[in-house]
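Dropping query_36.csv in here (CSV, C-alpha atoms and all ligand atoms):
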```csv
chain,number,residue,atom,x,y,z
D,1,MET,CA,16.2,23.8,22.3
D,2,LYS,CA,18.6,21.0,21.4
D,3,SER,CA,22.3,21.6,20.8
D,4,ILE,CA,23.9,19.9,17.8
D,5,CYS,CA,27.6,19.5,17.4
D,6,VAL,CA,28.2,19.8,13.6
D,7,LEU,CA,31.4,18.0,12.3
D,8,PRO,CA,31.7,18.5,8.6
D,9,GLY,CA,35.1,16.8,8.2
D,10,ASP,CA,36.9,16.2,4.9
D,11,GLY,CA,36.1,15.7,1.2
D,12,ILE,CA,32.4,15.9,0.4
D,13,GLY,CA,31.6,16.0,4.2
D,14,PRO,CA,31.3,19.8,4.4
D,15,GLU,CA,29.1,19.9,1.3
D,16,VAL,CA,26.6,17.3,2.4
D,17,ILE,CA,26.5,18.5,6.0
D,18,ASP,CA,25.8,22.0,4.8
D,19,SER,CA,22.8,20.7,2.9
D,20,ALA,CA,21.6,18.7,5.9
D,21,VAL,CA,21.9,21.7,8.2
D,22,LYS,CA,20.0,23.9,5.8
D,23,VAL,CA,17.2,21.4,5.6
D,24,LEU,CA,17.1,20.9,9.4
D,25,GLU,CA,17.0,24.7,9.9
D,26,LYS,CA,14.0,24.8,7.6
D,27,ALA,CA,12.3,21.8,9.3
D,28,THR,CA,12.5,23.1,12.9
D,29,ASP,CA,13.6,26.0,15.0
D,30,GLN,CA,14.4,23.7,17.9
D,31,LEU,CA,18.0,23.2,17.1
D,32,GLU,CA,21.1,25.2,17.9
D,33,PHE,CA,24.2,24.3,15.9
D,34,VAL,CA,27.8,24.5,17.1
D,35,HIS,CA,30.5,23.7,14.5
D,36,ALA,CA,33.7,21.8,15.4
D,37,ASP,CA,36.7,20.5,13.5
D,38,ILE,CA,37.4,16.9,12.8
D,39,GLY,CA,39.6,15.0,10.3
D,40,GLY,CA,42.2,16.6,8.0
D,41,ALA,CA,41.1,20.2,8.7
D,42,ALA,CA,41.4,19.6,12.5
D,43,TYR,CA,44.8,18.0,12.0
D,44,ALA,CA,46.1,21.0,10.1
D,45,LYS,CA,45.1,23.3,12.9
D,46,HIS,CA,45.6,21.2,16.1
D,47,ARG,CA,47.8,18.3,15.0
D,48,SER,CA,45.0,15.9,15.9
D,49,TYR,CA,42.2,14.3,13.9
D,50,LEU,CA,39.9,14.6,16.9
D,51,PRO,CA,41.1,17.5,19.0
D,52,ASP,CA,40.1,17.7,22.7
D,53,GLU,CA,38.0,20.8,22.1
D,54,THR,CA,35.9,18.9,19.5
D,55,PHE,CA,35.6,15.9,21.7
D,56,ASP,CA,34.4,18.0,24.7
D,57,LEU,CA,31.7,19.6,22.5
D,58,MET,CA,30.6,16.2,21.2
D,59,LYS,CA,30.1,15.2,24.8
D,60,THR,CA,28.2,18.2,25.9
D,61,CYS,CA,25.8,18.7,23.0
D,62,ASP,CA,22.5,16.8,22.8
D,63,SER,CA,23.6,15.1,19.6
D,64,CYS,CA,26.2,15.3,16.7
D,65,LEU,CA,25.9,15.5,13.0
D,66,PHE,CA,29.1,14.2,11.3
D,67,GLY,CA,30.1,14.3,7.6
D,68,ALA,CA,33.1,12.1,6.8
D,69,VAL,CA,36.8,12.0,7.3
D,70,THR,CA,39.6,10.7,5.1
D,71,SER,CA,41.1,7.9,7.2
D,72,PRO,CA,44.6,9.0,8.3
D,73,ASP,CA,47.5,6.8,7.1
D,74,GLY,CA,50.1,5.6,9.4
D,75,PRO,CA,50.0,4.0,12.8
D,76,ASP,CA,50.4,7.1,15.0
D,77,GLN,CA,46.8,8.4,14.4
D,78,GLY,CA,43.8,6.1,14.6
D,79,SER,CA,40.5,6.8,12.8
D,80,PRO,CA,38.6,9.6,14.7
D,81,VAL,CA,35.4,7.7,13.8
D,82,LEU,CA,36.5,4.6,15.6
D,83,ARG,CA,37.7,6.7,18.5
D,84,PHE,CA,34.4,8.6,19.1
D,85,ARG,CA,32.4,5.4,18.6
D,86,LYS,CA,34.4,3.7,21.3
D,87,GLU,CA,34.9,6.6,23.8
D,88,LEU,CA,31.3,7.8,23.6
D,89,ASP,CA,30.0,4.2,23.9
D,90,LEU,CA,28.0,4.3,20.7
D,91,TYR,CA,27.4,0.6,20.6
D,92,ALA,CA,24.6,0.5,18.1
D,93,ASN,CA,24.9,1.5,14.4
D,94,VAL,CA,21.5,1.9,12.8
D,95,ARG,CA,21.5,2.0,9.0
D,96,PRO,CA,18.1,2.2,7.2
D,97,VAL,CA,18.2,1.7,3.5
D,98,ARG,CA,15.2,2.2,1.3
D,99,THR,CA,14.5,2.6,-2.4
D,100,LEU,CA,13.6,6.2,-3.1
D,101,VAL,CA,13.7,6.0,-6.8
D,102,GLU,CA,13.6,3.0,-9.1
D,103,VAL,CA,17.1,2.1,-10.3
D,104,PRO,CA,17.3,0.1,-13.6
D,105,ASN,CA,17.9,-3.6,-13.0
D,106,ARG,CA,17.9,-3.3,-9.2
D,107,PRO,CA,15.2,-4.7,-7.0
D,108,SER,CA,13.5,-2.4,-4.4
D,109,ILE,CA,14.8,-2.5,-0.9
D,110,ASP,CA,13.4,-1.4,2.5
D,111,LEU,CA,15.4,-2.6,5.5
D,112,VAL,CA,17.2,-1.4,8.6
D,113,LEU,CA,20.6,-2.9,9.3
D,114,ILE,CA,21.6,-2.8,12.9
D,115,ARG,CA,25.3,-3.3,13.4
D,116,GLU,CA,27.2,-4.1,16.6
D,117,ASN,CA,29.5,-1.1,16.8
D,118,SER,CA,31.9,-1.7,19.6
D,119,GLU,CA,33.9,-4.9,19.1
D,120,GLY,CA,34.1,-7.9,16.6
D,121,MET,CA,36.7,-7.2,14.0
D,122,TYR,CA,37.0,-3.6,15.1
D,123,THR,CA,39.0,-4.1,18.3
D,124,GLN,CA,42.1,-3.2,16.3
D,125,ASP,CA,44.0,-5.7,18.4
D,126,GLU,CA,46.8,-6.7,16.0
D,127,VAL,CA,49.9,-8.5,17.1
D,128,PHE,CA,53.0,-8.8,14.8
D,129,ASP,CA,55.3,-11.8,14.9
D,130,ASP,CA,58.0,-13.1,12.5
D,131,GLY,CA,55.4,-14.8,10.3
D,132,GLY,CA,52.9,-12.0,10.0
D,133,VAL,CA,50.1,-10.4,12.0
D,134,THR,CA,47.4,-12.0,14.2
D,135,THR,CA,44.2,-10.0,14.6
D,136,ARG,CA,42.1,-10.7,17.7
D,137,ARG,CA,38.5,-10.4,17.1
D,138,ARG,CA,36.3,-10.1,20.2
D,139,VAL,CA,32.7,-11.1,20.7
D,140,THR,CA,31.3,-10.8,24.2
D,141,ARG,CA,28.0,-11.8,25.6
D,142,ARG,CA,27.4,-8.3,27.0
D,143,ALA,CA,27.9,-6.5,23.7
D,144,SER,CA,25.9,-9.2,21.8
D,145,GLU,CA,23.0,-8.9,24.2
D,146,ARG,CA,23.0,-5.1,24.1
D,147,ILE,CA,22.8,-5.0,20.3
D,148,VAL,CA,20.3,-7.8,19.9
D,149,ARG,CA,18.0,-6.1,22.6
D,150,PHE,CA,18.5,-2.8,20.8
D,151,ALA,CA,17.4,-4.4,17.5
D,152,ILE,CA,14.3,-5.9,19.2
D,153,GLU,CA,13.3,-2.6,20.7
D,154,TYR,CA,13.9,-0.8,17.5
D,155,ALA,CA,11.8,-3.3,15.5
D,156,LYS,CA,8.9,-3.0,17.9
D,157,LEU,CA,9.1,0.8,18.1
D,158,ASN,CA,9.2,1.1,14.3
D,159,GLY,CA,6.6,-1.4,13.3
D,160,ARG,CA,9.0,-3.8,11.8
D,161,GLN,CA,8.0,-7.5,11.6
D,162,LYS,CA,11.1,-9.6,11.4
D,163,ILE,CA,14.7,-9.7,12.6
D,164,THR,CA,17.3,-11.7,10.7
D,165,CYS,CA,20.6,-12.4,12.6
D,166,VAL,CA,23.4,-12.5,10.1
D,167,HIS,CA,26.5,-14.4,11.2
D,168,LYS,CA,29.1,-17.0,10.1
D,169,SER,CA,28.8,-19.5,12.9
D,170,ASN,CA,29.5,-22.4,10.6
D,171,VAL,CA,33.2,-21.3,10.6
D,172,LEU,CA,33.5,-19.0,13.6
D,173,ARG,CA,31.8,-21.5,15.8
D,174,ALA,CA,32.6,-20.1,19.2
D,175,SER,CA,32.4,-16.3,18.6
D,176,ASP,CA,29.7,-16.0,16.0
D,177,GLY,CA,28.1,-19.0,17.7
D,178,LEU,CA,27.9,-17.0,20.9
D,179,PHE,CA,26.3,-14.0,19.0
D,180,LEU,CA,23.7,-16.4,17.5
D,181,SER,CA,22.8,-18.1,20.7
D,182,VAL,CA,22.4,-14.7,22.4
D,183,PHE,CA,20.1,-13.7,19.5
D,184,ARG,CA,18.0,-16.9,20.0
D,185,GLU,CA,17.7,-16.4,23.7
D,186,ALA,CA,16.7,-12.8,23.4
D,187,MET,CA,14.2,-13.4,20.6
D,188,ASN,CA,12.7,-16.1,22.9
D,189,SER,CA,12.4,-14.0,25.9
D,190,LYS,CA,11.8,-10.5,24.4
D,191,GLY,CA,10.9,-11.0,20.7
D,192,ALA,CA,7.2,-11.8,21.1
D,193,GLY,CA,5.4,-10.7,17.9
D,194,LEU,CA,8.5,-10.6,15.9
D,195,LYS,CA,9.6,-13.2,13.3
D,196,SER,CA,13.0,-14.5,13.8
D,197,GLU,CA,15.4,-15.6,11.1
D,198,GLU,CA,19.1,-16.6,10.8
D,199,GLN,CA,21.3,-16.3,7.8
D,200,LEU,CA,25.0,-16.9,7.0
D,201,VAL,CA,26.7,-13.7,6.0
D,202,ASP,CA,27.7,-14.9,2.5
D,203,SER,CA,24.2,-16.0,1.5
D,204,ALA,CA,22.8,-12.8,3.1
D,205,ALA,CA,25.1,-10.8,0.8
D,206,MET,CA,23.7,-12.6,-2.2
D,207,LYS,CA,20.1,-12.2,-1.1
D,208,LEU,CA,20.6,-8.5,-0.5
D,209,VAL,CA,21.5,-8.1,-4.1
D,210,VAL,CA,18.9,-10.5,-5.7
D,211,GLU,CA,15.9,-10.4,-3.4
D,212,PRO,CA,16.5,-7.8,-0.7
D,213,ARG,CA,12.8,-7.7,0.2
D,214,VAL,CA,13.3,-10.9,2.3
D,215,PHE,CA,14.9,-8.7,4.9
D,216,ASP,CA,13.2,-6.3,7.3
D,217,VAL,CA,15.6,-5.7,10.2
D,218,ILE,CA,19.1,-7.3,10.1
D,219,VAL,CA,21.2,-7.5,13.3
D,220,THR,CA,24.8,-8.4,12.8
D,221,LEU,CA,28.4,-8.2,13.9
D,222,ASN,CA,30.5,-5.2,13.3
D,223,LEU,CA,32.4,-6.0,10.1
D,224,TYR,CA,29.6,-7.8,8.4
D,225,GLY,CA,27.4,-4.7,9.1
D,226,ASP,CA,30.0,-2.5,7.6
D,227,ILE,CA,30.1,-4.5,4.4
D,228,LEU,CA,26.5,-5.3,4.1
D,229,SER,CA,25.3,-1.7,4.6
D,230,ASP,CA,27.4,-0.7,1.6
D,231,VAL,CA,25.9,-3.5,-0.4
D,232,ALA,CA,22.4,-2.5,0.6
D,233,ALA,CA,23.1,1.2,-0.2
D,234,GLY,CA,24.3,0.1,-3.6
D,235,VAL,CA,21.0,-1.7,-4.3
D,236,ALA,CA,19.1,1.4,-3.4
D,237,GLY,CA,21.2,3.5,-5.9
D,238,GLY,CA,24.6,4.1,-4.3
D,239,LEU,CA,26.3,5.2,-1.2
D,240,GLY,CA,24.3,8.4,-1.1
D,241,PHE,CA,21.3,6.4,0.1
D,242,ALA,CA,22.4,5.1,3.5
D,243,PRO,CA,22.1,7.4,6.5
D,244,SER,CA,23.4,6.1,9.8
D,245,GLY,CA,23.1,6.7,13.5
D,246,ASN,CA,25.7,5.7,16.1
D,247,ILE,CA,23.7,5.4,19.3
D,248,GLY,CA,24.7,4.8,22.9
D,249,PRO,CA,23.1,5.2,26.3
D,250,LYS,CA,24.1,8.8,26.6
D,251,HIS,CA,25.5,10.1,23.3
D,252,SER,CA,24.7,9.9,19.6
D,253,VAL,CA,26.4,10.7,16.3
D,254,PHE,CA,24.4,10.7,13.0
D,255,GLU,CA,26.3,10.5,9.7
D,256,PRO,CA,25.9,9.4,6.1
D,257,ALA,CA,27.3,5.9,5.8
D,258,HIS,CA,29.5,7.0,2.9
D,259,GLY,CA,33.1,8.2,3.1
D,260,SER,CA,34.7,11.5,2.2
D,261,ALA,CA,34.9,10.8,-1.6
D,262,PRO,CA,37.9,13.1,-2.3
D,263,ASP,CA,37.5,12.5,-6.0
D,264,ILE,CA,34.3,14.5,-6.2
D,265,ALA,CA,34.9,16.9,-3.3
D,266,GLY,CA,34.3,20.6,-4.0
D,267,LYS,CA,32.5,19.9,-7.3
D,268,GLY,CA,29.0,20.4,-6.0
D,269,VAL,CA,27.8,17.1,-7.3
D,270,ALA,CA,27.7,15.0,-4.1
D,271,ASN,CA,24.3,13.5,-3.3
D,272,PRO,CA,23.3,14.9,0.1
D,273,THR,CA,20.4,12.4,0.6
D,274,ALA,CA,22.2,10.2,3.2
D,275,ALA,CA,23.3,13.3,5.2
D,276,ILE,CA,19.8,14.8,5.1
D,277,LEU,CA,18.2,11.5,6.1
D,278,ALA,CA,20.8,11.2,8.9
D,279,GLY,CA,19.6,14.6,10.1
D,280,ALA,CA,16.0,13.3,10.1
D,281,MET,CA,17.1,10.3,12.1
D,282,MET,CA,18.7,12.7,14.6
D,283,LEU,CA,15.5,14.7,14.9
D,284,LYS,CA,13.6,11.5,15.6
D,285,HIS,CA,16.2,10.4,18.2
D,286,LEU,CA,15.8,13.8,19.9
D,287,GLY,CA,12.0,13.4,20.0
D,288,LEU,CA,11.3,15.9,17.2
D,289,THR,CA,9.2,13.3,15.4
D,290,ARG,CA,7.0,15.7,13.3
D,291,PRO,CA,9.9,17.6,11.7
D,292,ALA,CA,11.7,14.3,11.2
D,293,SER,CA,8.9,12.8,9.2
D,294,ASN,CA,8.5,16.1,7.3
D,295,VAL,CA,12.1,15.9,6.2
D,296,GLU,CA,11.7,12.2,5.2
D,297,LYS,CA,8.6,13.0,3.3
D,298,ALA,CA,10.2,16.0,1.6
D,299,VAL,CA,13.1,13.9,0.4
D,300,ALA,CA,10.8,11.2,-0.9
D,301,ASP,CA,8.7,13.8,-2.7
D,302,VAL,CA,11.8,15.3,-4.4
D,303,TYR,CA,12.7,11.8,-5.6
D,304,SER,CA,9.1,11.0,-6.8
D,305,THR,CA,9.1,14.2,-8.8
D,306,GLY,CA,12.3,13.2,-10.6
D,307,HIS,CA,14.7,15.7,-9.2
D,308,LEU,CA,17.7,13.4,-9.3
D,309,THR,CA,21.4,14.1,-8.6
D,310,VAL,CA,24.1,13.1,-11.1
D,311,ASP,CA,25.2,9.9,-9.3
D,312,ILE,CA,21.9,8.3,-10.3
D,313,GLY,CA,21.6,9.7,-13.7
D,314,GLY,CA,19.9,13.0,-12.9
D,315,ARG,CA,21.2,16.5,-13.6
D,316,HIS,CA,20.9,18.2,-10.2
D,317,GLY,CA,23.9,19.2,-8.1
D,318,SER,CA,24.0,19.1,-4.3
D,319,ARG,CA,22.7,22.6,-3.9
D,320,SER,CA,19.8,22.4,-6.4
D,321,PHE,CA,18.7,19.1,-4.9
D,322,THR,CA,18.8,20.6,-1.4
D,323,ASP,CA,16.8,23.7,-2.6
D,324,HIS,CA,14.1,21.4,-3.9
D,325,VAL,CA,13.9,19.6,-0.5
D,326,ILE,CA,13.7,23.0,1.2
D,327,GLY,CA,11.0,24.1,-1.3
D,328,VAL,CA,8.9,21.1,-0.4
D,329,LEU,CA,9.4,21.8,3.3
D,330,GLU,CA,8.4,25.5,2.8
D,331,GLY,CA,5.2,24.3,1.3
D,332,GLY,CA,4.5,22.2,4.4
D,333,LYS,CA,4.1,23.3,8.0
D,334,ARG,CA,7.0,24.5,10.0
D,335,GLN,CA,7.3,23.4,13.6
M,401,LIG,C1,31.5,3.2,8.1
M,401,LIG,C2,32.9,3.4,7.7
M,401,LIG,C3,33.9,3.2,8.9
M,401,LIG,C4,33.7,1.8,9.4
M,401,LIG,C5,35.3,3.6,8.6
M,401,LIG,C6,35.4,5.0,8.2
M,401,LIG,C7,36.2,3.4,9.8
M,401,LIG,O1,33.3,2.5,6.6
M,401,LIG,O2,31.0,3.9,8.9
M,401,LIG,O3,30.9,2.3,7.6
M,401,LIG,O4,34.5,0.9,8.9
M,401,LIG,O5,32.9,1.6,10.2
M,402,MG,MG,31.6,1.4,5.9
```

In C-alpha cells, how does this file's structure come out?
Amino acid sequence: MKSICVLPGDGIGPEVIDSAVKVLEKATDQLEFVHADIGGAAYAKHRSYLPDETFDLMKTCDSCLFGAVTSPDGPDQGSPVLRFRKELDLYANVRPVRTLVEVPNRPSIDLVLIRENSEGMYTQDEVFDDGGVTTRRRVTRRASERIVRFAIEYAKLNGRQKITCVHKSNVLRASDGLFLSVFREAMNSKGAGLKSEEQLVDSAAMKLVVEPRVFDVIVTLNLYGDILSDVAAGVAGGLGFAPSGNIGPKHSVFEPAHGSAPDIAGKGVANPTAAILAGAMMLKHLGLTRPASNVEKAVADVYSTGHLTVDIGGRHGSRSFTDHVIGVLEGGKRQ
C-alpha cells in the first residue's frame, strides 16, 4: 500500500481533487488517502497556510496530491507552495501538455516541460532601497546540472527524442549562459540518442503558440517554465489541461498546474482533467504503471467520445465528466 497525503486547498482545489481521488480509487486499491489542510482553510483553523501537522504528513506519506491555494497577500505569510517545494527539495517540476481534443484554431501539442523548481527568479531575495527594489536571481551549476540530468533521464525513460533548452543567454549572459553551458555539457556526456536544441525564451513562446510540434521535451529555468507551461496549457485548451509533478530525491507532490480559480469555485464547472492526470503521474511515480496508463487512457477516451466540460465548449460539469472517466475505468480491468 502507498500512503497519499491529499491537500485539497482553496477555490476549485477541493472539487478537482475530489474528482482525482474518486478516479484513483477506481483505478487501484493500492492507495490509502490521508487528508490535510493547506491554504486558506488551514489558516482559518491554525493561523498558518502550511501548518506543521500538514507538513509532517507530507513528509511521512509516500506522495502528495495537492489542489491549489489562493496565494496569501502580505509579507508575513509566504506561499505554501513555494515553501513545500523548497523544504521538501522538490527540484524538478514536470509538466506534460498534450492535445486531448481538437480546439478550433489551435495547433495540436504534445510535449513535456521540465522546469527547474528551486532557484532562478524564485529565490524571493528582494532588497529594498531608496530607489526601488533589487531582486536577486540565482542560477547555480548544481541545480542546473540536477535539472538537466533529470530531463535527460526523463526523456530516455519516456521514449522522447529531443530536448530543447529554453533560456535568455543573449541578455542574461552569465546566469542563463551557465544554464546553457551545463545543458551542452550534459547532453554531450549523457544525452546519447537524444537530439539537442536551444531556443531563446521569447521565440520559444511564439513557437509554442504557432508550431508547438517542434517541441518534445523542454528544459528551462524556473520563471520561464512557469510562464511557458501556462502558454502550452492554453494551446491544449486551457489551464485544465496541464498536470504537474514536483519531484525530489525523497518526496513528491502532484498538482494541476492551474490555480484556485475563486471565480468559478463551488459551481461544479471546474475541469478536473489536470488534477486527474496529475493523479496518473503520481501512480506512475509510485510504480503503479498499469493503473496510471488506465487512467490516462480513460481520460483520452472520454475526450474522444466528446464528453467535454464547459471550459472548452462542452456541457458537462466536474462531476459528470468524472463519472464518465470512472465509467470507462469500470469497463476496464481493475488492479
Ligand atoms: C505554478 C504556480 C506557482 C508558481 C505559484 C502558485 C506560486 O503558478 O505552479 O505554476 O509560480 O510556480
Ligand atoms: Mg504557474

- Query: What lies within 9 Å of D:Leu111 using all atoms listed in the file, ignoring chain neighbours under 4 positions off, as a PyMOL selection string?
  - Reply: chain D and resi 95-98+212-213+215-218+232

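Minimum distance to D:Arg315 across D:Val210, D:Ala155, D:Ala270, D:Ala143 (counting only C-alpha atoms) occurs at D:Ala270.
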
- Query: Of the candidates D:Thr54, D:Asn222, D:Thr99, D:Asn105, which one gets nearest to ligand LIG 401 (chain M) if we count only C-alpha atoms and all ligand atoms?
  - Reply: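 Of D:Thr54, D:Asn222, D:Thr99, D:Asn105, the one nearest ligand LIG 401 (chain M) is D:Asn222, counting only C-alpha atoms and all ligand atoms.
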
- Can you work out which one of D:Gln30, D:Ser63, D:Asn188, D:Ser318 has the shortest atom-to-atom distance to D:Leu7, counting only C-alpha atoms?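 With only C-alpha atoms as the atom set, the closest residue is D:Ser63.
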
Can you list, as a compact mmCIF listing (two decimals) with C-alpha atoms, in the coordinates of the input, every protein, DNA or RNA residue that comes within 12 Å of D:Pro14 when you count all atoms listed in the file, leaving out same-chain residues fewer than 2 positions away?
```txt
# COMPACT_ATOMS: atom_id res chain seq x y z
CA VAL D 6 28.20 19.80 13.60
CA LEU D 7 31.40 18.00 12.30
CA PRO D 8 31.70 18.50 8.60
CA GLY D 9 35.10 16.80 8.20
CA ASP D 10 36.90 16.20 4.90
CA GLY D 11 36.10 15.70 1.20
CA ILE D 12 32.40 15.90 0.40
CA VAL D 16 26.60 17.30 2.40
CA ILE D 17 26.50 18.50 6.00
CA ASP D 18 25.80 22.00 4.80
CA SER D 19 22.80 20.70 2.90
CA ALA D 20 21.60 18.70 5.90
CA VAL D 21 21.90 21.70 8.20
CA HIS D 35 30.50 23.70 14.50
CA ALA D 36 33.70 21.80 15.40
CA ASP D 37 36.70 20.50 13.50
CA ILE D 38 37.40 16.90 12.80
CA GLY D 39 39.60 15.00 10.30
CA GLY D 40 42.20 16.60 8.00
CA ALA D 41 41.10 20.20 8.70
CA LEU D 65 25.90 15.50 13.00
CA PHE D 66 29.10 14.20 11.30
CA GLY D 67 30.10 14.30 7.60
CA ALA D 68 33.10 12.10 6.80
CA VAL D 69 36.80 12.00 7.30
CA GLU D 255 26.30 10.50 9.70
CA PRO D 256 25.90 9.40 6.10
CA GLY D 259 33.10 8.20 3.10
CA SER D 260 34.70 11.50 2.20
CA ALA D 261 34.90 10.80 -1.60
CA PRO D 262 37.90 13.10 -2.30
CA ALA D 265 34.90 16.90 -3.30
CA GLY D 266 34.30 20.60 -4.00
CA LYS D 267 32.50 19.90 -7.30
CA GLY D 268 29.00 20.40 -6.00
CA ALA D 270 27.70 15.00 -4.10
CA PRO D 272 23.30 14.90 0.10
CA ALA D 275 23.30 13.30 5.20
CA SER D 318 24.00 19.10 -4.30
```

- Message: Measuring between all atoms listed in the file, which one of D:Gly13, D:Thr60, D:Tyr91, D:Gly78 shows the shortest distance to D:Ser48?
- Response: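 Ranking D:Gly13, D:Thr60, D:Tyr91, D:Gly78 by distance to D:Ser48, first place goes to D:Gly78.
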
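Atom CA of D:Val235 lies 29.5 Å from atom CA of D:Glu145.
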
Would you fill out stretch 59-70 of chain D with N, CA and C atoms and return it as a PDB file, keeping the file's coordinate frame?
```pdb
ATOM      1  N   LYS D  59      30.618  15.724  23.573  1.00  0.00           N
ATOM      2  CA  LYS D  59      30.100  15.200  24.800  1.00  0.00           C
ATOM      3  C   LYS D  59      29.010  16.049  25.444  1.00  0.00           C
ATOM      4  N   THR D  60      29.142  17.363  25.246  1.00  0.00           N
ATOM      5  CA  THR D  60      28.200  18.200  25.900  1.00  0.00           C
ATOM      6  C   THR D  60      26.949  18.547  25.115  1.00  0.00           C
ATOM      7  N   CYS D  61      27.030  18.386  23.785  1.00  0.00           N
ATOM      8  CA  CYS D  61      25.800  18.700  23.000  1.00  0.00           C
ATOM      9  C   CYS D  61      24.815  17.539  23.089  1.00  0.00           C
ATOM     10  N   ASP D  62      23.583  17.815  22.695  1.00  0.00           N
ATOM     11  CA  ASP D  62      22.500  16.800  22.800  1.00  0.00           C
ATOM     12  C   ASP D  62      22.730  15.695  21.733  1.00  0.00           C
ATOM     13  N   SER D  63      23.310  16.061  20.579  1.00  0.00           N
ATOM     14  CA  SER D  63      23.600  15.100  19.600  1.00  0.00           C
ATOM     15  C   SER D  63      24.663  15.650  18.619  1.00  0.00           C
ATOM     16  N   CYS D  64      25.150  14.819  17.688  1.00  0.00           N
ATOM     17  CA  CYS D  64      26.200  15.300  16.700  1.00  0.00           C
ATOM     18  C   CYS D  64      25.778  14.891  15.326  1.00  0.00           C
ATOM     19  N   LEU D  65      26.149  15.755  14.383  1.00  0.00           N
ATOM     20  CA  LEU D  65      25.900  15.500  13.000  1.00  0.00           C
ATOM     21  C   LEU D  65      27.293  15.522  12.304  1.00  0.00           C
ATOM     22  N   PHE D  66      27.693  14.384  11.765  1.00  0.00           N
ATOM     23  CA  PHE D  66      29.100  14.200  11.300  1.00  0.00           C
ATOM     24  C   PHE D  66      29.055  13.928   9.787  1.00  0.00           C
ATOM     25  N   GLY D  67      30.005  14.535   9.036  1.00  0.00           N
ATOM     26  CA  GLY D  67      30.100  14.300   7.600  1.00  0.00           C
ATOM     27  C   GLY D  67      30.892  13.060   7.271  1.00  0.00           C
ATOM     28  N   ALA D  68      32.183  13.230   7.081  1.00  0.00           N
ATOM     29  CA  ALA D  68      33.100  12.100   6.800  1.00  0.00           C
ATOM     30  C   ALA D  68      34.483  12.572   6.997  1.00  0.00           C
ATOM     31  N   VAL D  69      35.390  11.650   7.235  1.00  0.00           N
ATOM     32  CA  VAL D  69      36.800  12.000   7.300  1.00  0.00           C
ATOM     33  C   VAL D  69      37.565  11.064   6.358  1.00  0.00           C
ATOM     34  N   THR D  70      38.669  11.551   5.836  1.00  0.00           N
ATOM     35  CA  THR D  70      39.600  10.700   5.100  1.00  0.00           C
ATOM     36  C   THR D  70      40.416   9.991   6.134  1.00  0.00           C
TER      37      THR D  70
END
```
